[in-house]
$ cat run.cif   # mmCIF, C-alpha atoms and all ligand atoms
data_run
loop_
_atom_site.label_atom_id
_atom_site.label_comp_id
_atom_site.auth_asym_id
_atom_site.auth_seq_id
_atom_site.Cartn_x
_atom_site.Cartn_y
_atom_site.Cartn_z
CA MET A 22 35.92 -33.44 21.53
CA THR A 23 34.30 -31.16 18.93
CA VAL A 24 36.43 -29.68 16.17
CA GLU A 25 35.53 -26.23 17.47
CA ASP A 26 36.84 -27.11 20.96
CA TYR A 27 39.96 -28.65 19.44
CA LEU A 28 40.70 -25.48 17.43
CA SER A 29 40.03 -23.32 20.51
CA GLU A 30 42.58 -25.38 22.42
CA VAL A 31 45.17 -24.97 19.66
CA ILE A 32 44.53 -21.21 19.57
CA GLN A 33 44.83 -21.02 23.37
CA ARG A 34 48.04 -23.07 23.36
CA ASP A 35 49.84 -21.59 20.34
CA GLY A 36 48.14 -18.23 19.86
CA VAL A 37 47.13 -19.23 16.33
CA ALA A 38 46.06 -22.34 14.42
CA HIS A 39 46.93 -23.28 10.85
CA ILE A 40 44.58 -25.05 8.44
CA THR A 41 45.54 -26.53 5.07
CA LEU A 42 42.92 -26.12 2.34
CA ILE A 43 42.79 -28.88 -0.23
CA ASP A 44 40.53 -28.56 -3.25
CA PRO A 45 39.33 -32.11 -4.06
CA ALA A 46 38.67 -31.05 -7.67
CA SER A 47 42.23 -29.87 -8.29
CA GLN A 48 43.88 -33.29 -8.28
CA LYS A 49 43.26 -37.02 -7.96
CA PRO A 50 42.36 -38.27 -4.45
CA GLU A 51 45.76 -40.00 -4.14
CA GLU A 52 47.46 -36.64 -4.71
CA SER A 53 45.16 -34.93 -2.21
CA VAL A 54 46.14 -37.60 0.33
CA ARG A 55 49.82 -36.96 -0.39
CA LEU A 56 49.30 -33.23 0.22
CA ALA A 57 47.33 -33.86 3.42
CA VAL A 58 50.00 -36.21 4.78
CA ALA A 59 52.76 -33.70 3.95
CA ALA A 60 50.80 -30.88 5.58
CA ALA A 61 50.19 -32.98 8.70
CA GLU A 62 53.89 -33.82 8.92
CA GLY A 63 54.66 -30.12 8.47
CA GLY A 64 52.56 -29.34 11.56
CA THR A 65 49.24 -28.08 10.20
CA ASP A 66 46.37 -28.34 12.72
CA ALA A 67 43.49 -29.41 10.45
CA ILE A 68 42.54 -30.15 6.86
CA MET A 69 39.84 -28.14 5.11
CA LEU A 70 38.19 -29.52 1.96
CA GLY A 71 36.42 -27.37 -0.62
CA GLY A 72 36.49 -25.57 -3.92
CA SER A 73 34.46 -22.80 -5.47
CA THR A 74 33.88 -24.17 -8.96
CA ASP A 75 33.50 -27.93 -8.69
CA ALA A 76 32.52 -28.15 -5.07
CA GLY A 77 32.35 -31.86 -4.33
CA GLY A 78 30.24 -34.89 -5.06
CA ASN A 79 31.86 -38.31 -5.39
CA LEU A 80 35.35 -36.91 -5.63
CA LEU A 81 34.87 -35.12 -2.31
CA ASP A 82 33.43 -38.28 -0.67
CA LEU A 83 36.38 -40.34 -1.80
CA THR A 84 39.02 -37.71 -1.03
CA ALA A 85 37.70 -37.20 2.51
CA LYS A 86 37.52 -40.95 3.13
CA MET A 87 41.04 -41.56 1.87
CA ILE A 88 42.53 -38.66 3.85
CA LYS A 89 40.75 -39.87 7.01
CA GLU A 90 42.47 -43.25 6.66
CA LYS A 91 45.94 -41.69 6.60
CA VAL A 92 45.74 -38.47 8.64
CA LYS A 93 44.64 -38.10 12.25
CA LEU A 94 43.72 -34.40 11.96
CA PRO A 95 40.12 -33.12 11.82
CA ILE A 96 38.62 -32.78 8.34
CA ILE A 97 36.55 -29.62 7.96
CA LEU A 98 34.22 -28.98 5.02
CA PHE A 99 34.33 -25.59 3.31
CA PRO A 100 31.36 -25.92 0.94
CA GLY A 101 30.77 -23.82 -2.18
CA ASN A 102 27.21 -25.21 -2.31
CA THR A 103 25.32 -28.30 -1.11
CA THR A 104 27.53 -30.63 -3.16
CA GLY A 105 30.30 -29.67 -0.72
CA PHE A 106 28.79 -31.95 1.96
CA THR A 107 30.04 -35.45 2.76
CA THR A 108 29.55 -37.60 5.83
CA ASN A 109 33.22 -38.61 5.62
CA ALA A 110 34.29 -35.36 7.32
CA ASP A 111 34.16 -34.21 10.95
CA CYS A 112 32.67 -30.76 10.72
CA VAL A 113 31.24 -28.21 8.29
CA LEU A 114 31.72 -24.47 8.18
CA PHE A 115 28.08 -23.45 7.86
CA MET A 116 28.76 -20.15 6.22
CA SER A 117 26.98 -17.20 4.73
CA LEU A 118 28.73 -14.97 2.22
CA LEU A 119 27.38 -11.85 3.86
CA ASN A 120 28.71 -9.45 1.22
CA SER A 121 27.27 -11.36 -1.73
CA ARG A 122 24.73 -9.75 -4.06
CA ASP A 123 23.19 -13.16 -4.62
CA PRO A 124 20.75 -14.40 -1.96
CA ASN A 125 21.71 -17.97 -2.89
CA TYR A 126 25.09 -17.41 -1.26
CA ILE A 127 23.66 -15.58 1.74
CA VAL A 128 20.93 -18.10 2.60
CA GLY A 129 19.72 -20.16 -0.41
CA ASN A 130 22.37 -22.89 -0.53
CA GLN A 131 22.17 -23.12 3.23
CA VAL A 132 18.39 -23.77 3.13
CA GLN A 133 18.98 -26.53 0.57
CA GLY A 134 21.60 -28.15 2.80
CA ALA A 135 20.00 -27.66 6.20
CA PHE A 136 17.97 -30.88 6.32
CA THR A 137 20.90 -33.00 5.17
CA LEU A 138 22.92 -31.57 8.01
CA TYR A 139 20.05 -32.13 10.44
CA LYS A 140 19.72 -35.77 9.44
CA VAL A 141 23.42 -36.63 9.60
CA GLY A 142 23.97 -34.59 12.75
CA MET A 143 27.44 -33.44 11.78
CA GLU A 144 29.11 -30.71 13.80
CA SER A 145 28.71 -27.30 12.17
CA ILE A 146 30.22 -23.94 12.95
CA PRO A 147 28.24 -20.82 11.97
CA MET A 148 30.54 -18.54 10.01
CA ALA A 149 30.45 -15.14 8.32
CA TYR A 150 32.36 -15.43 5.05
CA LEU A 151 33.63 -12.04 3.88
CA VAL A 152 35.31 -11.81 0.51
CA CYS A 153 37.70 -8.90 0.03
CA GLU A 154 39.63 -7.53 -2.94
CA PRO A 155 40.75 -9.07 -5.24
CA GLY A 156 38.41 -11.99 -4.40
CA GLY A 157 39.61 -14.49 -6.99
CA THR A 158 37.35 -17.22 -8.26
CA VAL A 159 35.24 -17.28 -5.14
CA GLY A 160 34.52 -13.55 -5.47
CA TRP A 161 33.24 -14.10 -8.99
CA VAL A 162 31.30 -17.30 -8.28
CA GLY A 163 29.82 -15.89 -5.07
CA ASP A 164 28.96 -12.53 -6.73
CA ALA A 165 30.62 -10.68 -3.87
CA LYS A 166 30.56 -6.92 -3.53
CA LEU A 167 34.28 -7.08 -2.81
CA LEU A 168 35.36 -5.39 0.42
CA PRO A 169 37.98 -2.74 -0.41
CA ARG A 170 41.43 -3.38 1.08
CA LYS A 171 41.74 0.27 2.02
CA LYS A 172 38.42 0.40 3.92
CA PRO A 173 38.92 -1.88 6.93
CA GLU A 174 35.93 -0.33 8.68
CA LEU A 175 33.60 -1.80 6.03
CA ALA A 176 34.97 -5.30 6.67
CA ALA A 177 34.64 -4.65 10.42
CA ALA A 178 30.98 -3.64 10.01
CA TYR A 179 30.26 -6.91 8.18
CA ALA A 180 32.20 -8.89 10.80
CA LEU A 181 30.19 -7.29 13.59
CA THR A 182 26.98 -8.03 11.72
CA GLY A 183 27.94 -11.69 11.58
CA LYS A 184 28.84 -11.69 15.25
CA TYR A 185 25.49 -10.10 16.19
CA PHE A 186 23.76 -12.77 14.10
CA GLY A 187 25.47 -15.34 16.36
CA MET A 188 28.22 -16.53 14.00
CA ARG A 189 31.17 -17.72 16.05
CA TYR A 190 33.69 -17.65 13.19
CA THR A 191 34.49 -14.92 10.68
CA TYR A 192 36.53 -15.74 7.57
CA LEU A 193 38.28 -12.77 5.98
CA GLU A 194 39.09 -13.96 2.47
CA ALA A 195 41.30 -12.33 -0.19
CA GLY A 196 40.51 -15.13 -2.67
CA SER A 197 42.57 -18.17 -3.43
CA GLY A 198 45.81 -17.29 -5.21
CA ALA A 199 45.60 -13.55 -4.42
CA ASP A 200 48.78 -11.63 -5.29
CA SER A 201 49.22 -10.61 -1.67
CA PRO A 202 47.59 -11.42 1.69
CA LEU A 203 45.11 -9.01 3.27
CA PRO A 204 46.71 -5.91 4.83
CA PRO A 205 47.46 -6.13 8.57
CA GLU A 206 45.42 -2.95 9.17
CA MET A 207 42.33 -4.70 7.83
CA ILE A 208 42.93 -7.85 9.88
CA GLY A 209 43.61 -5.76 13.01
CA THR A 210 40.50 -3.61 12.62
CA VAL A 211 38.28 -6.68 12.18
CA LYS A 212 39.81 -8.57 15.12
CA HIS A 213 39.48 -5.47 17.31
CA VAL A 214 35.67 -5.49 16.96
CA LEU A 215 35.33 -9.30 17.00
CA LYS A 216 37.19 -9.56 20.33
CA ASP A 217 36.98 -13.23 21.40
CA SER A 218 35.22 -14.47 18.24
CA VAL A 219 37.46 -16.52 15.99
CA LEU A 220 38.97 -14.78 12.96
CA ILE A 221 40.19 -16.86 10.01
CA VAL A 222 42.40 -15.16 7.42
CA GLY A 223 43.25 -16.63 4.02
CA GLY A 224 44.14 -15.91 0.44
CA GLY A 225 47.61 -15.23 -0.96
CA ILE A 226 49.65 -16.36 2.07
CA ARG A 227 52.72 -18.08 0.63
CA ASP A 228 55.49 -18.04 3.23
CA GLY A 229 56.30 -17.93 6.92
CA LYS A 230 56.88 -14.19 6.90
CA SER A 231 53.43 -13.27 5.58
CA ALA A 232 51.80 -15.86 7.87
CA ALA A 233 53.58 -14.16 10.79
CA ILE A 234 52.30 -10.73 9.74
CA CYS A 235 48.69 -11.98 9.50
CA ALA A 236 48.93 -13.76 12.87
CA LYS A 237 50.46 -10.75 14.61
CA ALA A 238 47.78 -8.50 13.09
CA GLY A 239 45.04 -10.56 14.77
CA ALA A 240 44.26 -13.75 12.83
CA ASP A 241 43.32 -16.69 15.07
CA ILE A 242 43.48 -19.17 12.20
CA ILE A 243 45.61 -18.94 9.07
CA VAL A 244 44.54 -20.86 5.95
CA THR A 245 46.85 -21.74 3.09
CA GLY A 246 45.90 -23.70 -0.01
CA THR A 247 47.43 -22.87 -3.39
CA VAL A 248 50.99 -22.70 -2.14
CA ILE A 249 50.92 -26.28 -0.88
CA GLU A 250 49.41 -27.56 -4.14
CA LYS A 251 52.34 -26.06 -6.05
CA ALA A 252 55.18 -26.71 -3.61
CA ASP A 253 58.17 -28.91 -4.45
CA ASN A 254 58.37 -29.82 -0.78
CA ALA A 255 54.90 -29.45 0.74
CA LYS A 256 56.03 -30.66 4.17
CA ALA A 257 58.89 -28.14 4.47
CA LEU A 258 56.79 -25.25 3.19
CA THR A 259 53.94 -26.11 5.57
CA ALA A 260 56.44 -26.22 8.45
CA GLU A 261 57.78 -22.78 7.49
CA ILE A 262 54.26 -21.29 7.34
CA VAL A 263 53.06 -22.95 10.56
CA GLN A 264 56.18 -21.95 12.48
CA GLY A 265 56.06 -18.45 10.98
CA ALA A 266 52.45 -17.99 12.08
CA LYS A 267 53.02 -19.32 15.61
CA ALA A 268 56.29 -17.40 16.14
CA GLY A 269 54.73 -14.27 14.62
CA LYS A 270 51.87 -14.39 17.09
CA LYS A 271 54.23 -14.47 20.04
CA ALA A 272 56.59 -11.79 18.67
C1 LIG A 301 26.72 -23.92 3.96
C2 LIG A 301 26.42 -24.27 2.55
C3 LIG A 301 25.60 -25.46 2.25
C4 LIG A 301 26.89 -23.57 1.51
C5 LIG A 301 27.66 -22.33 1.60
C6 LIG A 301 27.50 -21.60 0.31
C7 LIG A 301 28.35 -20.38 0.32
C8 LIG A 301 28.04 -19.29 1.26
C9 LIG A 301 29.36 -20.30 -0.55
C10 LIG A 301 30.23 -19.13 -0.63
C11 LIG A 301 30.77 -18.92 -2.01
C12 LIG A 301 31.68 -19.99 -2.47
C13 LIG A 301 31.57 -20.42 -3.88
C14 LIG A 301 32.57 -20.51 -1.64
C15 LIG A 301 33.56 -21.50 -1.97
C16 LIG A 301 34.52 -21.54 -0.84
C17 LIG A 301 35.73 -22.20 -1.26
C18 LIG A 301 35.73 -23.65 -1.15
C19 LIG A 301 36.76 -21.50 -1.70
C20 LIG A 301 37.99 -22.12 -2.13
O1 LIG A 301 37.92 -22.14 -3.46
P1 LIG A 301 39.03 -21.37 -4.23
O2 LIG A 301 40.30 -22.09 -3.96
O3 LIG A 301 38.95 -19.93 -3.93
O4 LIG A 301 38.64 -21.47 -5.72
P2 LIG A 301 38.96 -22.67 -6.66
O5 LIG A 301 37.99 -23.73 -6.29
O6 LIG A 301 38.71 -22.11 -8.02
O7 LIG A 301 40.38 -23.03 -6.42
O1 LIG A 302 44.90 -20.67 -1.98
P1 LIG A 302 45.29 -19.58 -1.04
O2 LIG A 302 45.75 -18.32 -1.75
O3 LIG A 302 46.26 -20.04 -0.02
O4 LIG A 302 43.94 -19.16 -0.28
C1 LIG A 302 43.36 -20.03 0.67
C2 LIG A 302 41.93 -19.70 0.99
O5 LIG A 302 41.79 -18.48 1.64
C3 LIG A 302 41.04 -19.75 -0.21
O6 LIG A 302 39.74 -19.90 0.21
MG MG A 303 41.80 -23.42 -4.81
#

$ encode --input "run.cif" --output "structure tokens"
Amino acid sequence: MTVEDYLSEVIQRDGVAHITLIDPASQKPEESVRLAVAAAEGGTDAIMLGGSTDAGGNLLDLTAKMIKEKVKLPIILFPGNTTGFTTNADCVLFMSLLNSRDPNYIVGNQVQGAFTLYKVGMESIPMAYLVCEPGGTVGWVGDAKLLPRKKPELAAAYALTGKYFGMRYTYLEAGSGADSPLPPEMIGTVKHVLKDSVLIVGGGIRDGKSAAICAKAGADIIVTGTVIEKADNAKALTAEIVQGAKAGKKA
């Protein structure tokens, strides 16, 4: 089964899926494995690997390989540039940062990576990546013209543009470590125009309650990263967030 079909099944079954983002550059591979195992035990549906500053290379190769040995969940690449590719994963989010001012993040990195992807034949999912205020490191690195939190219609126009380009996923991003998650009005407005296309929401989600609000507002997939890296009990916190998201969707 493809990763995309697997995630569709989870979304159909539970209303929402949860993905744990691990930045291979933030810790040693052994520690990334520990986080991935804890997240899997806490009920996350997939592991996403990526970072915006030091995107990958050997550390990514090794981290993906070691996680694969211990965790049965799909490993999805979330590349900051072509160094974010490794054949030790199951799928890549082939994304364009549509609201970047830098053509390298709209199409340039993708052109550099396209033949590698063609040769290895890895599954890829076309995705519109939309970075909103405050944007964090990825907003700075990706030179994003940050989408204002109080102008959901601007985010919706970008989301529709991605959908009309044929992108099946849209990722509404507040930036890793944002003070607060994106407002429900923004998530709702974007999901309203996307209809059946998959909406990922991430950035600043730290507990079950905020995951529930994002899910209820229209997110199909919730991503959390920073909070797991810092948690005393990564398994328990993942369980709270996953259960919060899934219960919130049904509420
Ligand atoms: C498809 C290919 C080959 C490349 C895509 C290139 C694009 C569009 C990149 C978007 C801009 C970018 C730098 C994205 C990084 C995405 C990511 C892994 C974010 C998570 O990183 P953060 O956690 O926000 O930042 P830190 O790495 O500093 O923690
Ligand atoms: O680290 P956090 O704030 O959970 O954000 C996750 C993700 O949206 C970053 O790309
Ligand atoms: Mg990070």

$ closest_residue --input "run.cif" --among "A:Glu25, A:Asp35, A:Glu174, A:Glu62" --to "Asp111 of chain A" --atoms "all atoms listed in the file"
A:Glu25

$ residues_near_ligand --input "run.cif" --ligand "ligand LIG 301 (chain A)" --cutoff "6 Å" --atoms "all atoms listed in the file" --output "NGL selection string"
:A and (71-74 or 99-103 or 115-118 or 126-127 or 130-131 or 134 or 158-159 or 162-163 or 196-197)

$ residues_near_ligand --input "run.cif" --ligand "ligand LIG 302 (chain A)" --cutoff "6 Å" --atoms "only C-alpha atoms and all ligand atoms" --output "list in words"
Glu194, Gly196, Ser197, Gly198, Ala199, Gly223, Gly224, Gly225, Ile226, Val244, Thr245, Gly246, Thr247 and Val248 of chain A

$ atom_distance --input "run.cif" --atom1 "atom CA of Gly229 of chain A" --atom2 "atom CA of Glu52 of chain A"
23.7 Å

$ closest_residue --input "run.cif" --among "A:Gln33, A:Val222, A:Glu144, A:Gly157" --to "ligand MG 303 (chain A)" --atoms "all atoms listed in the file"
A:Gly157

$ residues_around --input "run.cif" --residues "Ala165 of chain A" --least-positions-apart "2" --cutoff "6 Å" --atoms "all atoms listed in the file" --output "PyMOL selection string"
chain A and resi 120-122+160+163+167

$ residues_near_point --input "run.cif" --point "(31.1, -34.4, -8.2)" --cutoff "10 Å" --atoms "all atoms listed in the file" --output "JSON, numbers by chain"
{"A": [45, 46, 75, 76, 77, 78, 79, 80, 81, 82, 104, 105]}

$ atom_distance --input "run.cif" --atom1 "atom CA of Lys172 of chain A" --atom2 "atom CA of Ser201 of chain A"
16.4 Å

$ atom_distance --input "run.cif" --atom1 "atom CA of Leu175 of chain A" --atom2 "atom CA of Thr210 of chain A"
9.7 Å

$ residues_around --input "run.cif" --residues "Ala178 of chain A" --least-positions-apart "2" --cutoff "12 Å" --atoms "all atoms listed in the file" --output "mmCIF file with C-alpha atoms, in the coordinates of the input"
data_model
loop_
_atom_site.group_PDB
_atom_site.id
_atom_site.type_symbol
_atom_site.label_atom_id
_atom_site.label_comp_id
_atom_site.auth_asym_id
_atom_site.auth_seq_id
_atom_site.Cartn_x
_atom_site.Cartn_y
_atom_site.Cartn_z
ATOM 1 C CA LEU A 119 27.380 -11.850 3.860
ATOM 2 C CA ASN A 120 28.710 -9.450 1.220
ATOM 3 C CA ALA A 149 30.450 -15.140 8.320
ATOM 4 C CA LEU A 151 33.630 -12.040 3.880
ATOM 5 C CA LEU A 168 35.360 -5.390 0.420
ATOM 6 C CA LYS A 172 38.420 0.400 3.920
ATOM 7 C CA PRO A 173 38.920 -1.880 6.930
ATOM 8 C CA GLU A 174 35.930 -0.330 8.680
ATOM 9 C CA LEU A 175 33.600 -1.800 6.030
ATOM 10 C CA ALA A 176 34.970 -5.300 6.670
ATOM 11 C CA ALA A 180 32.200 -8.890 10.800
ATOM 12 C CA LEU A 181 30.190 -7.290 13.590
ATOM 13 C CA THR A 182 26.980 -8.030 11.720
ATOM 14 C CA GLY A 183 27.940 -11.690 11.580
ATOM 15 C CA LYS A 184 28.840 -11.690 15.250
ATOM 16 C CA TYR A 185 25.490 -10.100 16.190
ATOM 17 C CA THR A 191 34.490 -14.920 10.680
ATOM 18 C CA MET A 207 42.330 -4.700 7.830
ATOM 19 C CA THR A 210 40.500 -3.610 12.620
ATOM 20 C CA VAL A 211 38.280 -6.680 12.180
ATOM 21 C CA LYS A 212 39.810 -8.570 15.120
ATOM 22 C CA HIS A 213 39.480 -5.470 17.310
ATOM 23 C CA VAL A 214 35.670 -5.490 16.960
ATOM 24 C CA LEU A 215 35.330 -9.300 17.000
#

$ residues_around --input "run.cif" --residues "Ala236 of chain A" --least-positions-apart "6" --cutoff "7 Å" --atoms "all atoms listed in the file" --output "PyMOL selection string"
chain A and resi 37+266+269-270

$ closest_residue --input "run.cif" --among "A:Arg34, A:His39, A:Arg227, A:Lys86" --to "Ile249 of chain A" --atoms "all atoms listed in the file"
A:Arg227

$ closest_residue --input "run.cif" --among "A:Thr65, A:Asn125, A:Ser145, A:Thr108" --to "Leu42 of chain A" --atoms "all atoms listed in the file"
A:Thr65

$ closest_residue --input "run.cif" --among "A:Lys49, A:Arg55, A:Lys166, A:Lys251" --to "ligand MG 303 (chain A)" --atoms "only C-alpha atoms and all ligand atoms"
A:Lys251

$ closest_residue --input "run.cif" --among "A:Val152, A:Ala255, A:Leu220, A:Ala67" --to "Asp164 of chain A" --atoms "only C-alpha atoms"
A:Val152

$ residues_around --input "run.cif" --residues "Ala60 of chain A" --least-positions-apart "6" --cutoff "10 Å" --atoms "only C-alpha atoms" --output "JSON, numbers by chain"
{"A": [40, 41, 42, 54, 66, 67, 68, 92, 249, 254, 255, 256, 257, 258, 259, 260, 263]}

$ residues_near_point --input "run.cif" --point "(55.6, -13.6, 15.4)" --cutoff "9 Å" --atoms "only C-alpha atoms" --output "VMD selection string"
chain A and resid 230 232 to 234 236 to 237 264 to 272

$ build_atoms --input "run.cif" --residues "segment 146-162 of chain A" --atoms "N, CA and C atoms" --output "CSV table (one decimal), in the frame of the given file"
chain,number,residue,atom,x,y,z
A,146,ILE,N,29.8,-25.2,12.3
A,146,ILE,CA,30.2,-23.9,13.0
A,146,ILE,C,29.7,-22.8,12.1
A,147,PRO,N,28.8,-21.9,12.7
A,147,PRO,CA,28.2,-20.8,12.0
A,147,PRO,C,29.3,-19.8,11.7
A,148,MET,N,29.4,-19.4,10.4
A,148,MET,CA,30.5,-18.5,10.0
A,148,MET,C,30.1,-17.5,9.0
A,149,ALA,N,30.6,-16.2,9.3
A,149,ALA,CA,30.4,-15.1,8.3
A,149,ALA,C,31.6,-15.2,7.4
A,150,TYR,N,31.3,-15.3,6.1
A,150,TYR,CA,32.4,-15.4,5.0
A,150,TYR,C,32.4,-14.1,4.3
A,151,LEU,N,33.5,-13.4,4.4
A,151,LEU,CA,33.6,-12.0,3.9
A,151,LEU,C,34.7,-12.0,2.8
A,152,VAL,N,34.3,-11.8,1.6
A,152,VAL,CA,35.3,-11.8,0.5
A,152,VAL,C,35.8,-10.4,0.2
A,153,CYS,N,37.1,-10.2,0.2
A,153,CYS,CA,37.7,-8.9,0.0
A,153,CYS,C,38.4,-8.9,-1.3
A,154,GLU,N,38.8,-7.7,-1.7
A,154,GLU,CA,39.6,-7.5,-2.9
A,154,GLU,C,40.9,-8.4,-2.9
A,155,PRO,N,41.4,-9.0,-3.9
A,155,PRO,CA,40.8,-9.1,-5.2
A,155,PRO,C,39.6,-10.1,-5.4
A,156,GLY,N,39.5,-11.1,-4.4
A,156,GLY,CA,38.4,-12.0,-4.4
A,156,GLY,C,38.6,-13.3,-5.2
A,157,GLY,N,39.4,-13.3,-6.2
A,157,GLY,CA,39.6,-14.5,-7.0
A,157,GLY,C,38.3,-15.2,-7.5
A,158,THR,N,38.5,-16.5,-7.7
A,158,THR,CA,37.4,-17.2,-8.3
A,158,THR,C,36.1,-17.2,-7.4
A,159,VAL,N,36.4,-17.2,-6.1
A,159,VAL,CA,35.2,-17.3,-5.1
A,159,VAL,C,34.5,-16.0,-5.1
A,160,GLY,N,35.2,-14.8,-5.4
A,160,GLY,CA,34.5,-13.6,-5.5
A,160,GLY,C,33.6,-13.5,-6.7
A,161,TRP,N,34.0,-14.1,-7.8
A,161,TRP,CA,33.2,-14.1,-9.0
A,161,TRP,C,32.1,-15.1,-8.8
A,162,VAL,N,32.4,-16.3,-8.4
A,162,VAL,CA,31.3,-17.3,-8.3
A,162,VAL,C,30.3,-16.8,-7.3
